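Asker: Structure file run-v1.pdb (PDB, C-alpha atoms) is given on the next line.
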```
MODEL        1
ATOM      1  CA  MET M 979    -100.855  10.130 -83.577  1.00  0.00           C
ATOM      2  CA  LEU M 980    -103.237  11.839 -81.171  1.00  0.00           C
ATOM      3  CA  ASP M 981    -104.726   8.463 -80.236  1.00  0.00           C
ATOM      4  CA  ILE M 982    -101.312   7.053 -79.312  1.00  0.00           C
ATOM      5  CA  TYR M 983    -100.590  10.207 -77.279  1.00  0.00           C
ATOM      6  CA  ASN M 984    -103.893   9.847 -75.394  1.00  0.00           C
ATOM      7  CA  PHE M 985    -103.196   6.153 -74.868  1.00  0.00           C
ATOM      8  CA  ILE M 986     -99.796   6.893 -73.283  1.00  0.00           C
ATOM      9  CA  ILE M 987    -101.349   9.590 -71.033  1.00  0.00           C
ATOM     10  CA  MET M 988    -104.072   7.151 -69.967  1.00  0.00           C
ATOM     11  CA  GLU M 989    -101.461   4.458 -69.227  1.00  0.00           C
ATOM     12  CA  LYS M 990     -99.416   6.873 -67.099  1.00  0.00           C
ATOM     13  CA  PHE M 991    -102.577   8.075 -65.324  1.00  0.00           C
ATOM     14  CA  ILE M 992    -103.567   4.497 -64.408  1.00  0.00           C
ATOM     15  CA  ILE M 993    -100.070   3.686 -63.090  1.00  0.00           C
ATOM     16  CA  ILE M 994    -100.003   6.922 -61.023  1.00  0.00           C
ATOM     17  CA  PHE M 995    -103.549   6.219 -59.756  1.00  0.00           C
ATOM     18  CA  ILE M 996    -102.595   2.707 -58.565  1.00  0.00           C
ATOM     19  CA  ALA M 997     -99.370   4.028 -56.966  1.00  0.00           C
ATOM     20  CA  VAL M 998    -101.256   6.838 -55.147  1.00  0.00           C
ATOM     21  CA  LEU M 999    -103.823   4.338 -53.918  1.00  0.00           C
ATOM     22  CA  GLY M1000    -101.048   2.111 -52.588  1.00  0.00           C
ATOM     23  CA  VAL M1001     -99.457   5.064 -50.743  1.00  0.00           C
ATOM     24  CA  PHE M1002    -102.881   6.036 -49.336  1.00  0.00           C
ATOM     25  CA  VAL M1003    -103.465   2.495 -47.998  1.00  0.00           C
ATOM     26  CA  MET M1004     -99.947   2.442 -46.524  1.00  0.00           C
ATOM     27  CA  PHE M1005    -100.494   5.779 -44.701  1.00  0.00           C
ATOM     28  CA  ARG M1006    -103.862   4.631 -43.375  1.00  0.00           C
ATOM     29  CA  ARG M1007    -102.290   1.460 -41.975  1.00  0.00           C
ATOM     30  CA  LEU M1008     -99.393   3.428 -40.468  1.00  0.00           C
ATOM     31  CA  SER M1009    -101.792   5.837 -38.739  1.00  0.00           C
ATOM     32  CA  SER M1010    -103.779   2.849 -37.407  1.00  0.00           C
ATOM     33  CA  ILE M1011    -100.580   1.332 -35.991  1.00  0.00           C
ATOM     34  CA  LYS M1012     -99.688   4.677 -34.358  1.00  0.00           C
ATOM     35  CA  LYS M1013    -103.129   4.875 -32.733  1.00  0.00           C
ATOM     36  CA  GLY M1014    -102.759   1.295 -31.512  1.00  0.00           C
ATOM     37  CA  GLU M1015    -105.685   0.068 -33.626  1.00  0.00           C
ATOM     38  CA  PRO M1016    -105.555  -3.305 -35.446  1.00  0.00           C
ATOM     39  CA  THR M1017    -104.609  -2.845 -39.129  1.00  0.00           C
ATOM     40  CA  ALA M1018    -106.932  -5.617 -40.309  1.00  0.00           C
ATOM     41  CA  ASP M1019    -110.069  -6.963 -38.678  1.00  0.00           C
ATOM     42  CA  GLU M1020    -112.420  -9.768 -39.715  1.00  0.00           C
ATOM     43  CA  LEU M1021    -114.642  -7.491 -41.790  1.00  0.00           C
ATOM     44  CA  SER M1022    -111.805  -5.849 -43.723  1.00  0.00           C
ATOM     45  CA  SER M1023    -110.200  -9.218 -44.515  1.00  0.00           C
ATOM     46  CA  LEU M1024    -113.584 -10.551 -45.709  1.00  0.00           C
ATOM     47  CA  ILE M1025    -114.012  -7.469 -47.924  1.00  0.00           C
ATOM     48  CA  LEU M1026    -110.491  -8.023 -49.284  1.00  0.00           C
ATOM     49  CA  GLN M1027    -111.194 -11.702 -49.967  1.00  0.00           C
ATOM     50  CA  LYS M1028    -114.535 -11.021 -51.636  1.00  0.00           C
ATOM     51  CA  ALA M1029    -113.080  -8.211 -53.760  1.00  0.00           C
ATOM     52  CA  SER M1030    -110.094 -10.250 -54.918  1.00  0.00           C
ATOM     53  CA  SER M1031    -112.253 -13.304 -55.582  1.00  0.00           C
ATOM     54  CA  LEU M1032    -114.626 -11.263 -57.734  1.00  0.00           C
ATOM     55  CA  SER M1033    -111.786  -9.468 -59.500  1.00  0.00           C
ATOM     56  CA  PHE M1034    -110.134 -12.817 -60.275  1.00  0.00           C
ATOM     57  CA  TYR M1035    -113.199 -13.985 -62.209  1.00  0.00           C
ATOM     58  CA  LEU M1036    -113.582 -10.583 -63.888  1.00  0.00           C
ATOM     59  CA  SER M1037    -109.899 -10.504 -64.863  1.00  0.00           C
ATOM     60  CA  LEU M1038    -110.320 -13.828 -66.663  1.00  0.00           C
ATOM     61  CA  TYR M1039    -112.803 -12.063 -68.946  1.00  0.00           C
ATOM     62  CA  LEU M1040    -110.343  -9.165 -69.332  1.00  0.00           C
ATOM     63  CA  TRP M1041    -107.684 -11.593 -70.599  1.00  0.00           C
ATOM     64  CA  VAL M1042    -110.181 -13.190 -72.997  1.00  0.00           C
ATOM     65  CA  VAL M1043    -111.046  -9.717 -74.378  1.00  0.00           C
ATOM     66  CA  LEU M1044    -107.334  -8.840 -74.648  1.00  0.00           C
ATOM     67  CA  SER M1045    -106.684 -12.126 -76.442  1.00  0.00           C
ATOM     68  CA  TYR M1046    -109.562 -11.457 -78.852  1.00  0.00           C
ATOM     69  CA  PHE M1047    -108.387  -7.938 -79.682  1.00  0.00           C
ATOM     70  CA  SER M1048    -104.633  -8.694 -79.605  1.00  0.00           C
ATOM     71  CA  ASP M1049    -104.405  -8.562 -83.411  1.00  0.00           C
ATOM     72  CA  SER M1050    -106.382  -5.375 -83.913  1.00  0.00           C
ATOM     73  CA  LEU M1051    -104.659  -3.556 -81.024  1.00  0.00           C
ATOM     74  CA  GLN M1052    -101.239  -4.185 -82.615  1.00  0.00           C
ATOM     75  CA  LEU M1053     -99.389  -3.984 -79.318  1.00  0.00           C
ATOM     76  CA  GLU M1054     -96.057  -5.507 -78.383  1.00  0.00           C
ATOM     77  CA  THR M1055     -96.243  -8.705 -76.285  1.00  0.00           C
ATOM     78  CA  ASP M1056     -94.801  -7.055 -73.156  1.00  0.00           C
ATOM     79  CA  GLN M1057     -97.202  -4.095 -73.580  1.00  0.00           C
ATOM     80  CA  LEU M1058    -100.148  -6.485 -73.855  1.00  0.00           C
ATOM     81  CA  ILE M1059     -99.225  -8.365 -70.666  1.00  0.00           C
ATOM     82  CA  GLY M1060     -98.447  -5.074 -68.918  1.00  0.00           C
ATOM     83  CA  TYR M1061    -101.909  -3.701 -69.747  1.00  0.00           C
ATOM     84  CA  GLY M1062    -103.457  -6.969 -68.589  1.00  0.00           C
ATOM     85  CA  ILE M1063    -101.690  -6.794 -65.209  1.00  0.00           C
ATOM     86  CA  ILE M1064    -102.582  -3.090 -64.806  1.00  0.00           C
ATOM     87  CA  GLY M1065    -106.168  -3.999 -65.750  1.00  0.00           C
ATOM     88  CA  MET M1066    -106.236  -6.698 -63.073  1.00  0.00           C
ATOM     89  CA  ALA M1067    -105.042  -4.195 -60.467  1.00  0.00           C
ATOM     90  CA  LEU M1068    -107.612  -1.653 -61.648  1.00  0.00           C
ATOM     91  CA  ILE M1069    -110.453  -4.221 -61.533  1.00  0.00           C
ATOM     92  CA  PHE M1070    -109.432  -5.101 -57.974  1.00  0.00           C
ATOM     93  CA  THR M1071    -109.390  -1.414 -56.944  1.00  0.00           C
ATOM     94  CA  ILE M1072    -112.861  -0.840 -58.416  1.00  0.00           C
ATOM     95  CA  THR M1073    -114.424  -3.998 -56.904  1.00  0.00           C
ATOM     96  CA  TRP M1074    -112.807  -3.320 -53.510  1.00  0.00           C
ATOM     97  CA  SER M1075    -114.142   0.261 -53.542  1.00  0.00           C
ATOM     98  CA  ILE M1076    -117.650  -0.865 -54.537  1.00  0.00           C
ATOM     99  CA  ILE M1077    -117.789  -3.587 -51.851  1.00  0.00           C
ATOM    100  CA  LYS M1078    -116.373  -1.177 -49.257  1.00  0.00           C
ATOM    101  CA  LEU M1079    -118.996   1.463 -50.155  1.00  0.00           C
ATOM    102  CA  LEU M1080    -121.999  -0.827 -50.530  1.00  0.00           C
ATOM    103  CA  GLY M1081    -121.060  -3.285 -47.801  1.00  0.00           C
ATOM    104  CA  LEU M1082    -121.108  -7.059 -47.796  1.00  0.00           C
ATOM    105  CA  THR M1083    -124.259  -8.689 -49.066  1.00  0.00           C
ATOM    106  CA  LYS M1084    -125.063 -12.360 -49.495  1.00  0.00           C
TER     107      LYS M1084
ATOM    108  CA  MET R1336    -135.336 -30.035 -66.721  1.00  0.00           C
ATOM    109  CA  LYS R1337    -133.612 -28.964 -63.526  1.00  0.00           C
ATOM    110  CA  LYS R1338    -131.075 -26.120 -63.530  1.00  0.00           C
ATOM    111  CA  ASN R1339    -128.149 -28.398 -62.587  1.00  0.00           C
ATOM    112  CA  ARG R1340    -129.002 -30.909 -65.312  1.00  0.00           C
ATOM    113  CA  LYS R1341    -128.888 -28.074 -67.820  1.00  0.00           C
ATOM    114  CA  THR R1342    -125.519 -26.956 -66.418  1.00  0.00           C
ATOM    115  CA  LEU R1343    -124.162 -30.519 -66.816  1.00  0.00           C
ATOM    116  CA  LEU R1344    -125.238 -30.668 -70.427  1.00  0.00           C
ATOM    117  CA  ILE R1345    -123.884 -27.188 -71.211  1.00  0.00           C
ATOM    118  CA  ILE R1346    -120.484 -27.978 -69.617  1.00  0.00           C
ATOM    119  CA  ALA R1347    -120.136 -31.268 -71.504  1.00  0.00           C
ATOM    120  CA  PHE R1348    -121.132 -29.585 -74.764  1.00  0.00           C
ATOM    121  CA  LEU R1349    -118.775 -26.604 -74.249  1.00  0.00           C
ATOM    122  CA  THR R1350    -115.794 -28.841 -73.371  1.00  0.00           C
ATOM    123  CA  LEU R1351    -116.328 -30.913 -76.497  1.00  0.00           C
ATOM    124  CA  LEU R1352    -116.744 -27.743 -78.571  1.00  0.00           C
ATOM    125  CA  VAL R1353    -113.520 -26.185 -77.230  1.00  0.00           C
ATOM    126  CA  VAL R1354    -111.503 -29.392 -77.820  1.00  0.00           C
ATOM    127  CA  LEU R1355    -112.904 -29.766 -81.346  1.00  0.00           C
ATOM    128  CA  GLY R1356    -112.288 -26.068 -82.050  1.00  0.00           C
ATOM    129  CA  PHE R1357    -108.703 -26.381 -80.877  1.00  0.00           C
ATOM    130  CA  ILE R1358    -108.125 -29.425 -83.110  1.00  0.00           C
ATOM    131  CA  ILE R1359    -109.614 -27.590 -86.110  1.00  0.00           C
ATOM    132  CA  ILE R1360    -107.539 -24.429 -85.415  1.00  0.00           C
ATOM    133  CA  THR R1361    -104.315 -26.446 -85.261  1.00  0.00           C
ATOM    134  CA  ASN R1362    -105.359 -28.136 -88.567  1.00  0.00           C
ATOM    135  CA  LYS R1363    -105.112 -31.588 -86.963  1.00  0.00           C
ATOM    136  CA  THR R1364    -101.333 -31.298 -87.119  1.00  0.00           C
ATOM    137  CA  ASN R1365     -99.096 -31.368 -84.041  1.00  0.00           C
ATOM    138  CA  VAL R1366    -102.164 -31.551 -81.761  1.00  0.00           C
ATOM    139  CA  PHE R1367    -100.570 -34.071 -79.430  1.00  0.00           C
ATOM    140  CA  LYS R1368     -97.128 -32.488 -79.277  1.00  0.00           C
ATOM    141  CA  GLY R1369     -95.459 -30.055 -76.858  1.00  0.00           C
ATOM    142  CA  LEU R1370     -97.445 -26.981 -75.793  1.00  0.00           C
ATOM    143  CA  ASN R1371    -100.539 -28.032 -77.807  1.00  0.00           C
ATOM    144  CA  LEU R1372    -100.737 -31.269 -75.823  1.00  0.00           C
ATOM    145  CA  LEU R1373    -100.472 -29.333 -72.557  1.00  0.00           C
ATOM    146  CA  ILE R1374    -103.273 -26.960 -73.644  1.00  0.00           C
ATOM    147  CA  ILE R1375    -105.559 -29.839 -74.665  1.00  0.00           C
ATOM    148  CA  VAL R1376    -104.872 -31.645 -71.359  1.00  0.00           C
ATOM    149  CA  ILE R1377    -105.707 -28.458 -69.369  1.00  0.00           C
ATOM    150  CA  ILE R1378    -108.957 -27.971 -71.381  1.00  0.00           C
ATOM    151  CA  LEU R1379    -109.967 -31.557 -70.623  1.00  0.00           C
ATOM    152  CA  ILE R1380    -109.052 -31.262 -66.921  1.00  0.00           C
ATOM    153  CA  VAL R1381    -111.060 -28.010 -66.567  1.00  0.00           C
ATOM    154  CA  GLY R1382    -114.019 -29.611 -68.384  1.00  0.00           C
ATOM    155  CA  VAL R1383    -113.945 -32.762 -66.234  1.00  0.00           C
ATOM    156  CA  ILE R1384    -113.646 -30.708 -63.015  1.00  0.00           C
ATOM    157  CA  ALA R1385    -116.592 -28.487 -64.010  1.00  0.00           C
ATOM    158  CA  PHE R1386    -118.623 -31.572 -64.938  1.00  0.00           C
ATOM    159  CA  ILE R1387    -117.863 -33.354 -61.647  1.00  0.00           C
ATOM    160  CA  SER R1388    -118.721 -30.286 -59.520  1.00  0.00           C
ATOM    161  CA  ALA R1389    -122.007 -29.780 -61.417  1.00  0.00           C
ATOM    162  CA  PHE R1390    -122.777 -33.504 -60.969  1.00  0.00           C
ATOM    163  CA  LYS R1391    -122.026 -33.274 -57.223  1.00  0.00           C
ATOM    164  CA  LYS R1392    -124.337 -30.261 -56.884  1.00  0.00           C
ATOM    165  CA  ASP R1393    -127.067 -32.167 -58.688  1.00  0.00           C
ATOM    166  CA  GLN R1394    -126.665 -35.119 -56.307  1.00  0.00           C
ATOM    167  CA  GLU R1395    -126.739 -32.788 -53.262  1.00  0.00           C
ATOM    168  CA  GLU R1396    -129.894 -31.111 -54.565  1.00  0.00           C
ATOM    169  CA  LYS R1397    -131.479 -34.541 -55.056  1.00  0.00           C
ATOM    170  CA  ALA R1398    -130.600 -35.494 -51.473  1.00  0.00           C
ATOM    171  CA  GLY R1399    -132.324 -32.326 -50.286  1.00  0.00           C
ATOM    172  CA  LEU R1400    -129.152 -30.568 -49.125  1.00  0.00           C
ATOM    173  CA  THR R1401    -128.507 -26.866 -49.660  1.00  0.00           C
ATOM    174  CA  THR R1402    -125.999 -26.318 -52.452  1.00  0.00           C
ATOM    175  CA  GLU R1403    -124.695 -22.986 -51.087  1.00  0.00           C
ATOM    176  CA  ASP R1404    -124.174 -22.044 -47.449  1.00  0.00           C
ATOM    177  CA  GLU R1405    -121.957 -19.640 -45.470  1.00  0.00           C
ATOM    178  CA  LEU R1406    -119.033 -22.090 -45.465  1.00  0.00           C
ATOM    179  CA  SER R1407    -119.123 -22.647 -49.212  1.00  0.00           C
ATOM    180  CA  ASN R1408    -119.181 -18.860 -49.733  1.00  0.00           C
ATOM    181  CA  LEU R1409    -116.172 -18.504 -47.440  1.00  0.00           C
ATOM    182  CA  ILE R1410    -114.311 -21.213 -49.386  1.00  0.00           C
ATOM    183  CA  LYS R1411    -115.210 -19.446 -52.635  1.00  0.00           C
ATOM    184  CA  TYR R1412    -113.911 -16.064 -51.407  1.00  0.00           C
ATOM    185  CA  LYS R1413    -110.728 -17.451 -49.832  1.00  0.00           C
ATOM    186  CA  SER R1414    -109.833 -19.590 -52.834  1.00  0.00           C
ATOM    187  CA  GLY R1415    -110.572 -16.676 -55.175  1.00  0.00           C
ATOM    188  CA  TYR R1416    -108.292 -14.443 -53.100  1.00  0.00           C
ATOM    189  CA  HIS R1417    -105.407 -16.942 -53.275  1.00  0.00           C
ATOM    190  CA  ALA R1418    -106.064 -17.609 -56.967  1.00  0.00           C
ATOM    191  CA  TYR R1419    -105.971 -13.863 -57.707  1.00  0.00           C
ATOM    192  CA  LEU R1420    -102.583 -13.460 -56.017  1.00  0.00           C
ATOM    193  CA  ALA R1421    -101.152 -16.607 -57.624  1.00  0.00           C
ATOM    194  CA  SER R1422    -102.406 -15.621 -61.087  1.00  0.00           C
ATOM    195  CA  MET R1423    -100.765 -12.193 -60.738  1.00  0.00           C
ATOM    196  CA  TYR R1424     -97.420 -13.955 -60.171  1.00  0.00           C
ATOM    197  CA  MET R1425     -98.175 -16.366 -63.005  1.00  0.00           C
ATOM    198  CA  TRP R1426     -98.708 -13.473 -65.461  1.00  0.00           C
ATOM    199  CA  LEU R1427     -95.477 -11.947 -64.193  1.00  0.00           C
ATOM    200  CA  PHE R1428     -93.669 -15.211 -64.997  1.00  0.00           C
ATOM    201  CA  ILE R1429     -95.343 -15.327 -68.419  1.00  0.00           C
ATOM    202  CA  PHE R1430     -94.083 -11.765 -68.937  1.00  0.00           C
ATOM    203  CA  LEU R1431     -90.543 -12.882 -68.061  1.00  0.00           C
ATOM    204  CA  PHE R1432     -90.645 -15.997 -70.273  1.00  0.00           C
ATOM    205  CA  LYS R1433     -92.662 -14.505 -73.158  1.00  0.00           C
ATOM    206  CA  ASP R1434     -90.002 -15.536 -75.677  1.00  0.00           C
ATOM    207  CA  LYS R1435     -90.701 -19.219 -74.990  1.00  0.00           C
ATOM    208  CA  PHE R1436     -94.208 -18.985 -76.522  1.00  0.00           C
ATOM    209  CA  PRO R1437     -94.742 -19.393 -80.276  1.00  0.00           C
ATOM    210  CA  ASP R1438     -97.379 -16.608 -80.558  1.00  0.00           C
ATOM    211  CA  VAL R1439     -99.457 -14.165 -78.506  1.00  0.00           C
ATOM    212  CA  GLU R1440    -102.709 -16.179 -78.735  1.00  0.00           C
ATOM    213  CA  THR R1441    -101.041 -19.327 -77.362  1.00  0.00           C
ATOM    214  CA  MET R1442     -99.456 -17.320 -74.573  1.00  0.00           C
ATOM    215  CA  LEU R1443    -102.706 -15.628 -73.502  1.00  0.00           C
ATOM    216  CA  GLY R1444    -104.775 -18.805 -73.958  1.00  0.00           C
ATOM    217  CA  GLY R1445    -102.293 -20.817 -71.909  1.00  0.00           C
ATOM    218  CA  GLY R1446    -102.339 -18.113 -69.226  1.00  0.00           C
ATOM    219  CA  ILE R1447    -106.150 -18.170 -69.008  1.00  0.00           C
ATOM    220  CA  LEU R1448    -106.200 -21.959 -68.760  1.00  0.00           C
ATOM    221  CA  MET R1449    -103.465 -21.900 -66.127  1.00  0.00           C
ATOM    222  CA  SER R1450    -105.502 -19.328 -64.158  1.00  0.00           C
ATOM    223  CA  SER R1451    -108.501 -21.654 -64.097  1.00  0.00           C
ATOM    224  CA  LEU R1452    -106.259 -24.519 -62.968  1.00  0.00           C
ATOM    225  CA  ILE R1453    -104.817 -22.299 -60.206  1.00  0.00           C
ATOM    226  CA  ALA R1454    -108.389 -21.466 -59.099  1.00  0.00           C
ATOM    227  CA  TYR R1455    -109.220 -25.169 -58.819  1.00  0.00           C
ATOM    228  CA  ILE R1456    -106.004 -26.028 -56.937  1.00  0.00           C
ATOM    229  CA  SER R1457    -106.501 -23.159 -54.457  1.00  0.00           C
ATOM    230  CA  LYS R1458    -110.123 -24.270 -53.901  1.00  0.00           C
ATOM    231  CA  VAL R1459    -108.967 -27.820 -53.108  1.00  0.00           C
ATOM    232  CA  ILE R1460    -106.263 -26.524 -50.712  1.00  0.00           C
ATOM    233  CA  VAL R1461    -108.650 -24.115 -48.914  1.00  0.00           C
ATOM    234  CA  LYS R1462    -111.305 -26.852 -48.595  1.00  0.00           C
ATOM    235  CA  LYS R1463    -108.726 -29.270 -47.165  1.00  0.00           C
ATOM    236  CA  ARG R1464    -107.445 -26.660 -44.689  1.00  0.00           C
ATOM    237  CA  ILE R1465    -110.962 -25.787 -43.471  1.00  0.00           C
ATOM    238  CA  ASN R1466    -111.915 -29.465 -43.126  1.00  0.00           C
ATOM    239  CA  ASP R1467    -108.744 -30.164 -41.122  1.00  0.00           C
TER     240      ASP R1467
ENDMDL
END
```
If you took the structure in this file and wrote it as structure tokens, what would it be?

Answerer:
Amino acid sequence: MLDIYNFIIMEKFIIIFIAVLGVFVMFRRLSSIKKGEPTADELSSLILQKASSLSFYLSLYLWVVLSYFSDSLQLETDQLIGYGIIGMALIFTITWSIIKLLGLTK
Amino acid sequence: MKKNRKTLLIIAFLTLLVVLGFIIITNKTNVFKGLNLLIIVIILIVGVIAFISAFKKDQEEKAGLTTEDELSNLIKYKSGYHAYLASMYMWLFIFLFKDKFPDVETMLGGGILMSSLIAYISKVIVKKRIND
């Protein structure tokens, strides 16, 4: 019972985290527009492309893991796909943050 | 043995293994019908594509060309970016039409195979756009 409760809290936390991140990005872009700065330059679009490319390949592994554990997790089909999509968004957020912090390397 | 030759052998072996595994799992019944046929066709397409690209790399290495440069990295990133967005929408569609799939494993397996197909298609489109 406690596990299910923790699971629901974790799920809500992840959704709120992604939503807050989206709002943060939106405010940053709005402030850039107000200052007359470009919202996206060559570097930021390259970071975005690299992060999403990497997260695409990582998310394939996430789906394989989800498929493998689909029986033991005993989740509903819509829950399973929902977690997968949230996982994809989370992977993208993490990879984008790492690339943004560490910078682009060959 | 060169690295690319090893990759060629591994890809060929893995494709055969996956196809054989799929036939064994479906108990040799209804393999060439409906969704099963589509899955087997996608497995074969992915295998052939991987084999051809590994073969091309091997040929380029033989000719003394560099296999990875700045342009190829750019193509990889751009195609990955488009594939990520497209696969998000694809999973959304799978979510909407989840009742059409016989079981969860088929649904997730089909989704993964479709993702790899999307990645290949986006790579071809990005390559064509850059070349034009």

Asker: Enumerate, as a VMD selection string, the residues matched when the PyMOL selection byres ((chain M) within 10 of (chain R)) is run on the file above.

Answerer: chain M and resid 1023 to 1035 1037 to 1042 1044 to 1046 1048 to 1049 1054 to 1060 1062 to 1063 1066 to 1067 1070 1084

Asker: In Å, rounded to a single decimal, give me how far atom CA of Met1449 of chain R is from atom CA of Val1354 of chain R.

Answerer: 16.0 Å

Asker: Kindly resolve the PyMOL selection byres ((chain M and resi 999) around 12) on the present coordinates and return the residues as a CSV table (one decimal) with C-alpha atoms, keeping the file's coordinate frame.

Answerer:
```csv
chain,number,residue,atom,x,y,z
M,992,ILE,CA,-103.6,4.5,-64.4
M,993,ILE,CA,-100.1,3.7,-63.1
M,994,ILE,CA,-100.0,6.9,-61.0
M,995,PHE,CA,-103.5,6.2,-59.8
M,996,ILE,CA,-102.6,2.7,-58.6
M,997,ALA,CA,-99.4,4.0,-57.0
M,998,VAL,CA,-101.3,6.8,-55.1
M,1000,GLY,CA,-101.0,2.1,-52.6
M,1001,VAL,CA,-99.5,5.1,-50.7
M,1002,PHE,CA,-102.9,6.0,-49.3
M,1003,VAL,CA,-103.5,2.5,-48.0
M,1004,MET,CA,-99.9,2.4,-46.5
M,1005,PHE,CA,-100.5,5.8,-44.7
M,1006,ARG,CA,-103.9,4.6,-43.4
M,1067,ALA,CA,-105.0,-4.2,-60.5
M,1068,LEU,CA,-107.6,-1.7,-61.6
M,1070,PHE,CA,-109.4,-5.1,-58.0
M,1071,THR,CA,-109.4,-1.4,-56.9
M,1072,ILE,CA,-112.9,-0.8,-58.4
M,1074,TRP,CA,-112.8,-3.3,-53.5
M,1075,SER,CA,-114.1,0.3,-53.5
```

Asker: Report, in Å with one decimal, the straight-line distance from atom CA of Met1425 of chain R to atom CA of Ile1453 of chain R.

Answerer: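 These atoms are spaced 9.3 Å apart.
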
Asker: Tell me, in Å to one decimal, how far atom CA of Ile1378 of chain R is from atom CA of Leu1352 of chain R.

Answerer: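 For atom CA of Ile1378 of chain R relative to atom CA of Leu1352 of chain R, the distance reads 10.6 Å.
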
Asker: From the options R:Ile1410, R:Ala1421, R:Ile1384, R:Ile1374, which residue's atoms come nearest to Val1461 of chain R, counting only C-alpha atoms?

Answerer: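 Among R:Ile1410, R:Ala1421, R:Ile1384, R:Ile1374, it is R:Ile1410 that comes nearest to Val1461 of chain R.
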
Asker: Report as JSON, numbers by chain the full result of the PyMOL selection byres ((chain R and resi 1353) around 12) when it is applied to this structure.

Answerer: {"R": [1346, 1347, 1348, 1349, 1350, 1351, 1352, 1354, 1355, 1356, 1357, 1358, 1359, 1360, 1374, 1375, 1376, 1377, 1378, 1379, 1381, 1382, 1444, 1448]}

Asker: Could you turn the residues from that selection into a file that holds C-alpha atoms, as a compact mmCIF listing (two decimals), in the frame of the given file?

Answerer:
```
# COMPACT_ATOMS: atom_id res chain seq x y z
CA ILE R 1346 -120.48 -27.98 -69.62
CA ALA R 1347 -120.14 -31.27 -71.50
CA PHE R 1348 -121.13 -29.58 -74.76
CA LEU R 1349 -118.78 -26.60 -74.25
CA THR R 1350 -115.79 -28.84 -73.37
CA LEU R 1351 -116.33 -30.91 -76.50
CA LEU R 1352 -116.74 -27.74 -78.57
CA VAL R 1354 -111.50 -29.39 -77.82
CA LEU R 1355 -112.90 -29.77 -81.35
CA GLY R 1356 -112.29 -26.07 -82.05
CA PHE R 1357 -108.70 -26.38 -80.88
CA ILE R 1358 -108.12 -29.42 -83.11
CA ILE R 1359 -109.61 -27.59 -86.11
CA ILE R 1360 -107.54 -24.43 -85.42
CA ILE R 1374 -103.27 -26.96 -73.64
CA ILE R 1375 -105.56 -29.84 -74.67
CA VAL R 1376 -104.87 -31.64 -71.36
CA ILE R 1377 -105.71 -28.46 -69.37
CA ILE R 1378 -108.96 -27.97 -71.38
CA LEU R 1379 -109.97 -31.56 -70.62
CA VAL R 1381 -111.06 -28.01 -66.57
CA GLY R 1382 -114.02 -29.61 -68.38
CA GLY R 1444 -104.78 -18.80 -73.96
CA LEU R 1448 -106.20 -21.96 -68.76
```

Asker: Using the partial input, fill out segment 1376-1387 of chain R with N, CA and C atoms; write the result as a PDB file, in the frame of the given file.

Answerer:
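Generated file (rebuild.pdb):
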```pdb
ATOM      1  N   VAL R1376    -104.733 -30.950 -72.648  1.00  0.00           N
ATOM      2  CA  VAL R1376    -104.872 -31.645 -71.359  1.00  0.00           C
ATOM      3  C   VAL R1376    -105.539 -30.714 -70.341  1.00  0.00           C
ATOM      4  N   ILE R1377    -105.106 -29.425 -70.310  1.00  0.00           N
ATOM      5  CA  ILE R1377    -105.707 -28.458 -69.369  1.00  0.00           C
ATOM      6  C   ILE R1377    -107.187 -28.251 -69.694  1.00  0.00           C
ATOM      7  N   ILE R1378    -107.539 -28.146 -70.988  1.00  0.00           N
ATOM      8  CA  ILE R1378    -108.957 -27.971 -71.381  1.00  0.00           C
ATOM      9  C   ILE R1378    -109.782 -29.144 -70.857  1.00  0.00           C
ATOM     10  N   LEU R1379    -109.246 -30.359 -71.061  1.00  0.00           N
ATOM     11  CA  LEU R1379    -109.967 -31.557 -70.623  1.00  0.00           C
ATOM     12  C   LEU R1379    -110.096 -31.606 -69.102  1.00  0.00           C
ATOM     13  N   ILE R1380    -109.004 -31.251 -68.391  1.00  0.00           N
ATOM     14  CA  ILE R1380    -109.052 -31.262 -66.921  1.00  0.00           C
ATOM     15  C   ILE R1380    -110.107 -30.276 -66.419  1.00  0.00           C
ATOM     16  N   VAL R1381    -110.088 -29.044 -66.980  1.00  0.00           N
ATOM     17  CA  VAL R1381    -111.060 -28.010 -66.567  1.00  0.00           C
ATOM     18  C   VAL R1381    -112.484 -28.487 -66.840  1.00  0.00           C
ATOM     19  N   GLY R1382    -112.700 -29.098 -68.020  1.00  0.00           N
ATOM     20  CA  GLY R1382    -114.019 -29.611 -68.384  1.00  0.00           C
ATOM     21  C   GLY R1382    -114.490 -30.688 -67.435  1.00  0.00           C
ATOM     22  N   VAL R1383    -113.594 -31.645 -67.130  1.00  0.00           N
ATOM     23  CA  VAL R1383    -113.945 -32.762 -66.234  1.00  0.00           C
ATOM     24  C   VAL R1383    -114.256 -32.235 -64.829  1.00  0.00           C
ATOM     25  N   ILE R1384    -113.429 -31.289 -64.349  1.00  0.00           N
ATOM     26  CA  ILE R1384    -113.646 -30.708 -63.015  1.00  0.00           C
ATOM     27  C   ILE R1384    -115.012 -30.012 -62.945  1.00  0.00           C
ATOM     28  N   ALA R1385    -115.309 -29.201 -63.976  1.00  0.00           N
ATOM     29  CA  ALA R1385    -116.592 -28.487 -64.010  1.00  0.00           C
ATOM     30  C   ALA R1385    -117.752 -29.470 -64.040  1.00  0.00           C
ATOM     31  N   PHE R1386    -117.586 -30.553 -64.817  1.00  0.00           N
ATOM     32  CA  PHE R1386    -118.623 -31.572 -64.938  1.00  0.00           C
ATOM     33  C   PHE R1386    -118.856 -32.270 -63.594  1.00  0.00           C
ATOM     34  N   ILE R1387    -117.748 -32.646 -62.933  1.00  0.00           N
ATOM     35  CA  ILE R1387    -117.863 -33.354 -61.647  1.00  0.00           C
ATOM     36  C   ILE R1387    -118.533 -32.465 -60.595  1.00  0.00           C
TER      37      ILE R1387
END
```
